[in-house]
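Enquirer: Structure file query19.txt (compact mmCIF, C-alpha atoms) is given on the next line.
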```
# COMPACT_ATOMS: atom_id res chain seq x y z
CA MET A 1 97.10 113.71 32.04
CA THR A 2 93.74 114.43 33.62
CA ALA A 3 92.70 117.39 35.74
CA LYS A 4 92.39 114.99 38.69
CA LEU A 5 95.97 113.88 38.13
CA ALA A 6 97.24 117.42 37.72
CA ALA A 7 95.62 118.27 41.04
CA ALA A 8 97.09 115.12 42.56
CA VAL A 9 100.62 116.16 41.61
CA SER A 10 100.22 119.54 43.26
CA MET A 11 103.67 121.04 43.58
CA SER A 12 103.23 121.79 47.26
CA GLY A 13 101.56 118.45 48.00
CA HIS A 14 103.44 115.28 48.67
CA VAL A 15 104.18 112.93 45.84
CA GLU A 16 102.28 110.18 47.66
CA THR A 17 98.97 111.86 46.75
CA VAL A 18 99.44 110.69 43.15
CA MET A 19 98.56 107.13 44.07
CA THR A 20 95.61 107.91 46.34
CA THR A 21 92.13 109.22 45.78
CA CYS A 22 91.71 112.97 45.92
CA SER A 23 91.32 114.41 49.39
CA PRO A 24 89.17 117.47 50.10
CA ARG A 25 92.37 119.58 50.22
CA ILE A 26 93.37 118.41 46.75
CA LEU A 27 89.87 118.87 45.37
CA ALA A 28 89.77 122.38 46.80
CA GLY A 29 93.16 123.08 45.24
CA ALA A 30 91.96 121.77 41.89
CA ALA A 31 88.83 123.90 42.08
CA LEU A 32 90.91 126.96 42.92
CA ALA A 33 93.30 126.22 40.07
CA LEU A 34 90.39 125.81 37.66
CA LEU A 35 88.89 129.09 38.87
CA LEU A 36 92.22 130.82 38.43
CA MET A 37 92.58 129.40 34.92
CA THR A 38 89.12 130.39 33.74
CA GLY A 39 89.06 133.72 35.52
CA SER A 40 92.51 134.89 34.54
CA ALA A 41 92.91 133.95 30.88
CA ALA A 42 93.88 137.54 30.10
CA LEU A 43 96.53 137.39 32.83
CA ALA A 44 98.27 134.32 31.37
CA LYS A 45 100.33 133.72 28.27
CA LYS A 46 100.13 130.44 26.35
CA VAL A 47 103.59 129.02 25.68
CA THR A 48 104.34 125.98 23.50
CA VAL A 49 106.64 123.49 25.23
CA VAL A 50 106.47 120.58 22.74
CA PRO A 51 106.15 121.65 19.10
CA GLY A 52 104.62 119.45 16.41
CA ASP A 53 101.38 118.60 14.68
CA ARG A 54 99.68 118.56 18.06
CA PRO A 55 101.71 120.98 20.15
CA ILE A 56 101.71 120.80 23.93
CA ALA A 57 101.33 124.20 25.58
CA VAL A 58 101.01 125.68 29.05
CA ASP A 59 99.46 128.86 30.37
CA ILE A 60 102.06 130.83 32.34
CA PRO A 61 100.96 133.76 34.55
CA ALA A 62 101.85 137.09 32.93
CA SER A 63 103.91 138.08 35.98
CA TRP A 64 106.27 135.11 35.48
CA LYS A 65 109.38 135.45 33.33
CA VAL A 66 109.60 132.97 30.44
CA THR A 67 112.78 132.24 28.49
CA THR A 68 113.56 129.76 25.76
CA ILE A 69 116.11 127.07 26.59
CA ASP A 70 117.68 124.34 24.43
CA ARG A 71 114.86 121.80 24.82
CA GLY A 72 111.91 124.00 25.76
CA ILE A 73 111.20 126.82 28.18
CA GLN A 74 112.05 128.05 31.65
CA ALA A 75 109.41 129.88 33.66
CA ARG A 76 110.16 131.63 36.94
CA THR A 77 108.43 133.94 39.33
CA ALA A 78 109.43 137.60 39.32
CA ASP A 79 111.04 137.16 42.77
CA ASP A 80 112.97 134.01 41.67
CA GLU A 81 111.34 131.88 44.37
CA VAL A 82 110.00 129.26 41.92
CA TYR A 83 111.58 127.87 38.75
CA LEU A 84 109.87 125.52 36.29
CA TRP A 85 111.52 123.94 33.28
CA PHE A 86 109.56 122.21 30.51
CA GLU A 87 111.93 120.20 28.33
CA SER A 88 111.03 118.03 25.38
CA TYR A 89 113.45 115.18 24.71
CA LYS A 90 113.88 111.88 22.89
CA PRO A 91 114.43 108.80 25.11
CA ALA A 92 118.08 108.53 24.02
CA GLN A 93 118.68 112.07 25.39
CA PHE A 94 117.38 111.39 28.90
CA THR A 95 120.72 110.51 30.52
CA ALA A 96 122.36 113.63 29.03
CA LEU A 97 119.42 115.77 30.20
CA LEU A 98 119.73 114.50 33.78
CA GLY A 99 123.48 115.12 33.66
CA GLU A 100 122.82 118.73 32.63
CA HIS A 101 120.39 119.15 35.52
CA ASN A 102 122.80 117.64 38.04
CA ALA A 103 125.59 119.96 36.85
CA TYR A 104 123.28 123.01 36.95
CA PHE A 105 122.04 122.31 40.47
CA LYS A 106 125.57 121.63 41.71
CA GLU A 107 126.69 124.95 40.20
CA GLN A 108 123.79 126.73 41.93
CA GLY A 109 124.66 125.22 45.31
CA VAL A 110 121.78 122.76 45.52
CA LYS A 111 122.74 119.55 47.32
CA VAL A 112 120.61 116.42 47.05
CA THR A 113 120.68 114.90 50.52
CA GLY A 114 119.05 111.53 49.93
CA GLU A 115 117.36 109.17 47.51
CA GLY A 116 114.49 110.44 45.41
CA GLN A 117 111.01 109.15 46.18
CA SER A 118 109.15 108.22 42.98
CA LYS A 119 105.62 107.29 42.04
CA GLU A 120 104.57 106.16 38.60
CA VAL A 121 101.07 106.30 37.14
CA ASP A 122 100.14 104.44 33.97
CA PHE A 123 97.68 106.05 31.53
CA PRO A 124 96.37 104.70 28.23
CA THR A 125 98.71 106.81 26.06
CA TYR A 126 101.57 107.74 28.42
CA VAL A 127 103.28 107.05 31.74
CA LEU A 128 103.70 109.79 34.35
CA LYS A 129 106.53 109.53 36.86
CA VAL A 130 106.83 111.98 39.75
CA THR A 131 110.07 112.11 41.73
CA GLU A 132 110.79 114.29 44.74
CA TYR A 133 114.34 114.71 46.04
CA PRO A 134 115.32 115.79 49.55
CA ALA A 135 117.65 118.74 48.96
CA THR A 136 119.20 121.85 50.46
CA TYR A 137 120.17 125.21 49.01
CA GLU A 138 122.70 127.30 50.93
CA GLY A 139 122.32 124.82 53.78
CA LYS A 140 118.54 125.25 54.07
CA PRO A 141 115.76 122.95 52.79
CA THR A 142 114.67 123.48 49.19
CA VAL A 143 111.98 121.86 47.06
CA LEU A 144 113.18 119.80 44.08
CA ARG A 145 110.74 117.72 41.99
CA TYR A 146 110.56 116.17 38.54
CA LEU A 147 107.53 115.11 36.50
CA SER A 148 108.30 112.94 33.50
CA VAL A 149 105.63 112.38 30.84
CA VAL A 150 106.60 109.49 28.56
CA PRO A 151 104.27 108.72 25.62
CA LYS A 152 103.71 105.03 24.87
CA ALA A 153 103.70 105.55 21.09
CA ASP A 154 107.07 105.18 19.39
CA GLY A 155 108.70 108.27 17.99
CA LEU A 156 106.95 110.80 20.24
CA ARG A 157 109.02 113.13 22.38
CA SER A 158 108.89 112.87 26.16
CA LEU A 159 108.52 115.85 28.47
CA LEU A 160 110.45 116.53 31.68
CA VAL A 161 108.97 119.15 34.01
CA SER A 162 111.51 120.21 36.63
CA TYR A 163 110.52 122.23 39.68
CA TRP A 164 112.83 124.08 42.08
CA ALA A 165 111.47 126.37 44.77
CA SER A 166 112.11 127.76 48.19
CA PRO A 167 109.69 126.30 50.76
CA ALA A 168 108.06 129.75 51.12
CA GLY A 169 107.80 130.18 47.34
CA ASP A 170 106.36 126.67 47.06
CA LYS A 171 103.49 127.72 49.32
CA THR A 172 103.06 131.25 47.97
CA TYR A 173 102.85 130.18 44.32
CA ASP A 174 101.01 126.89 44.82
CA ALA A 175 97.78 128.05 43.13
CA GLN A 176 99.65 129.52 40.16
CA THR A 177 101.77 126.39 39.78
CA ASN A 178 98.66 124.20 39.92
CA ALA A 179 97.05 126.36 37.21
CA ILE A 180 100.14 125.87 35.03
CA LEU A 181 100.02 122.08 35.54
CA ASN A 182 96.28 121.98 34.87
CA SER A 183 96.87 123.81 31.59
CA LEU A 184 99.51 121.23 30.73
CA ALA A 185 97.05 118.42 31.52
CA ALA A 186 94.40 120.08 29.33
CA SER A 187 96.91 120.33 26.48
CA TYR A 188 97.78 116.62 26.75
CA ASP A 189 94.09 115.73 26.91
CA GLY A 190 93.39 117.87 23.85
CA ARG A 191 90.93 120.15 25.67
```
Turn the structure described in the file into structure tokens.
Expert:
Amino acid sequence: MTAKLAAAVSMSGHVETVMTTCSPRILAGAALALLLMTGSAALAKKVTVVPGDRPIAVDIPASWKVTTIDRGIQARTADDEVYLWFESYKPAQFTALLGEHNAYFKEQGVKVTGEGQSKEVDFPTYVLKVTEYPATYEGKPTVLRYLSVVPKADGLRSLLVSYWASPAGDKTYDAQTNAILNSLAASYDGR
């Protein structure tokens, strides 16, 4: 994943920006995210989300709460307005993983109200798929997105990044979320 791509899949931006060239808004967001990453290294904690010989890690803001889950980590803002899950899985586990997510969101009161809109981007070593679902929480709009990183090499684990946020939290934490995604891109790129 490149920094340009990480900026293109901005959590508050529309999924459609993945397939287009970067607009000034996206470039400004990427620059801000890069500034936040380089200027706040002491304010972030590096967390491994895919273990192995070449682990994949993300930088999570120190103010976010991080917990270990079965397949990776959950990160959430202190006010519970934004949740991110990073889950490593083998292709045969994907259906079970989605079933777990569907059950969790149903239990939380999240209702998907339509078909997901997906975009897929092909890279030399992996495929990135971004899907955004129209959804409500307690009868009000909520933000629900998935990013799936699927390596092309056999035997490597895939990564599902799930994002759930209130519309206000989506805006408030946009820069921090972009910094997290840029750190993920840097980890995949080996930077």
Enquirer: What's around stretch 98-112 of chain A at 12 Å? Count only C-alpha atoms, leave out sequence neighbours fewer than 3 positions away in its own chain, and write the answer as a PDB file with C-alpha atoms, in the frame of the given file.
Expert:
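around-v2.pdb written:
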```pdb
ATOM      1  CA  ASP A  70     117.680 124.340  24.430  1.00  0.00           C
ATOM      2  CA  ARG A  71     114.860 121.800  24.820  1.00  0.00           C
ATOM      3  CA  TYR A  83     111.580 127.870  38.750  1.00  0.00           C
ATOM      4  CA  TRP A  85     111.520 123.940  33.280  1.00  0.00           C
ATOM      5  CA  GLU A  87     111.930 120.200  28.330  1.00  0.00           C
ATOM      6  CA  TYR A  89     113.450 115.180  24.710  1.00  0.00           C
ATOM      7  CA  PRO A  91     114.430 108.800  25.110  1.00  0.00           C
ATOM      8  CA  ALA A  92     118.080 108.530  24.020  1.00  0.00           C
ATOM      9  CA  GLN A  93     118.680 112.070  25.390  1.00  0.00           C
ATOM     10  CA  PHE A  94     117.380 111.390  28.900  1.00  0.00           C
ATOM     11  CA  THR A  95     120.720 110.510  30.520  1.00  0.00           C
ATOM     12  CA  GLU A 115     117.360 109.170  47.510  1.00  0.00           C
ATOM     13  CA  GLY A 116     114.490 110.440  45.410  1.00  0.00           C
ATOM     14  CA  GLU A 132     110.790 114.290  44.740  1.00  0.00           C
ATOM     15  CA  TYR A 133     114.340 114.710  46.040  1.00  0.00           C
ATOM     16  CA  PRO A 134     115.320 115.790  49.550  1.00  0.00           C
ATOM     17  CA  ALA A 135     117.650 118.740  48.960  1.00  0.00           C
ATOM     18  CA  THR A 136     119.200 121.850  50.460  1.00  0.00           C
ATOM     19  CA  TYR A 137     120.170 125.210  49.010  1.00  0.00           C
ATOM     20  CA  GLU A 138     122.700 127.300  50.930  1.00  0.00           C
ATOM     21  CA  GLY A 139     122.320 124.820  53.780  1.00  0.00           C
ATOM     22  CA  LYS A 140     118.540 125.250  54.070  1.00  0.00           C
ATOM     23  CA  PRO A 141     115.760 122.950  52.790  1.00  0.00           C
ATOM     24  CA  THR A 142     114.670 123.480  49.190  1.00  0.00           C
ATOM     25  CA  VAL A 143     111.980 121.860  47.060  1.00  0.00           C
ATOM     26  CA  LEU A 144     113.180 119.800  44.080  1.00  0.00           C
ATOM     27  CA  ARG A 145     110.740 117.720  41.990  1.00  0.00           C
ATOM     28  CA  TYR A 146     110.560 116.170  38.540  1.00  0.00           C
ATOM     29  CA  SER A 148     108.300 112.940  33.500  1.00  0.00           C
ATOM     30  CA  LEU A 160     110.450 116.530  31.680  1.00  0.00           C
ATOM     31  CA  VAL A 161     108.970 119.150  34.010  1.00  0.00           C
ATOM     32  CA  SER A 162     111.510 120.210  36.630  1.00  0.00           C
ATOM     33  CA  TYR A 163     110.520 122.230  39.680  1.00  0.00           C
ATOM     34  CA  TRP A 164     112.830 124.080  42.080  1.00  0.00           C
ATOM     35  CA  ALA A 165     111.470 126.370  44.770  1.00  0.00           C
ATOM     36  CA  SER A 166     112.110 127.760  48.190  1.00  0.00           C
TER      37      SER A 166
END
```
Enquirer: Between atom CA of A:Thr172 and atom CA of A:Lys45, what is the distance, to one decimal in Å?
Expert: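 So the two atoms, atom CA of A:Thr172 and atom CA of A:Lys45, lie 20.0 Å apart.
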Enquirer: Between atom CA of A:Val150 and atom CA of A:Gln117, what is the distance, to one decimal in Å?
Expert: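 Separation between atom CA of A:Val150 and atom CA of A:Gln117: 18.2 Å.
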Enquirer: Please report the interatomic distance between atom CA of A:Gly72 and atom CA of A:Ser118 in Å with one decimal.
Expert: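 We find that atom CA of A:Gly72 and atom CA of A:Ser118 lie 23.5 Å from each other.
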Enquirer: Hey, what's within 8 Å of A:Ser183 if we count all atoms listed in the file and toss same-chain stuff fewer than 3 positions away? As a ChimeraX atom specification, please?
Expert: /A:37,57-59,179-180,186-187
Enquirer: Using all atoms listed in the file, which protein or nucleic acid residues come within 8 Å of A:Gln74? Drop anything in the same chain fewer than 3 positions from it, and give the result as a ChimeraX atom specification.
Expert: /A:66-69,83-86
Enquirer: Would you output that residue set with C-alpha atoms, as a CSV table (one decimal), keeping the file's coordinate frame?
Expert:
```csv
chain,number,residue,atom,x,y,z
A,66,VAL,CA,109.6,133.0,30.4
A,67,THR,CA,112.8,132.2,28.5
A,68,THR,CA,113.6,129.8,25.8
A,69,ILE,CA,116.1,127.1,26.6
A,83,TYR,CA,111.6,127.9,38.8
A,84,LEU,CA,109.9,125.5,36.3
A,85,TRP,CA,111.5,123.9,33.3
A,86,PHE,CA,109.6,122.2,30.5
```
Enquirer: Please determine the residues with any atom at most 6 Å from (108.6, 113.1, 22.2) (coordinates as given in the file, with only C-alpha atoms counting) and report them as a list in words.
Expert: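 Taken together, the residues in range are Tyr89, Lys90, Leu156, Arg157 and Ser158 of chain A.
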Enquirer: I'd like to know which of A:Thr77, A:Thr125, A:Ser88, A:Asn178 is closest to A:Leu159, using only C-alpha atoms.
Expert: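 Closest to A:Leu159, using only C-alpha atoms: A:Ser88.
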Enquirer: In terms of the shortest atom-to-atom distance over only C-alpha atoms, which of A:Lys46, A:Lys171, A:Lys119, A:Lys65 is closest to A:Thr131?
Expert: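 Residue with the minimum atom-to-atom distance to A:Thr131: A:Lys119.
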Enquirer: Find the residue from A:Ala96, A:Val130, A:Val149, A:Asp154 that sits nearest to A:Ile56; use all atoms listed in the file when measuring.
Expert: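 Answer, going by the shortest atom-to-atom distance: A:Val149.
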Enquirer: Ranking A:Val82, A:Val121, A:Ile60, A:Ala75 by minimum distance to A:Leu184 and counting only C-alpha atoms, which one comes first?
Expert: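 Closest candidate: A:Ile60.
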Enquirer: Kindly indicate which residue among A:Lys129, A:Phe123, A:Gly114, A:Tyr173 lies nearest to A:Ala78, using all atoms listed in the file for the distances.
Expert: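 The closest residue to A:Ala78 is A:Tyr173.
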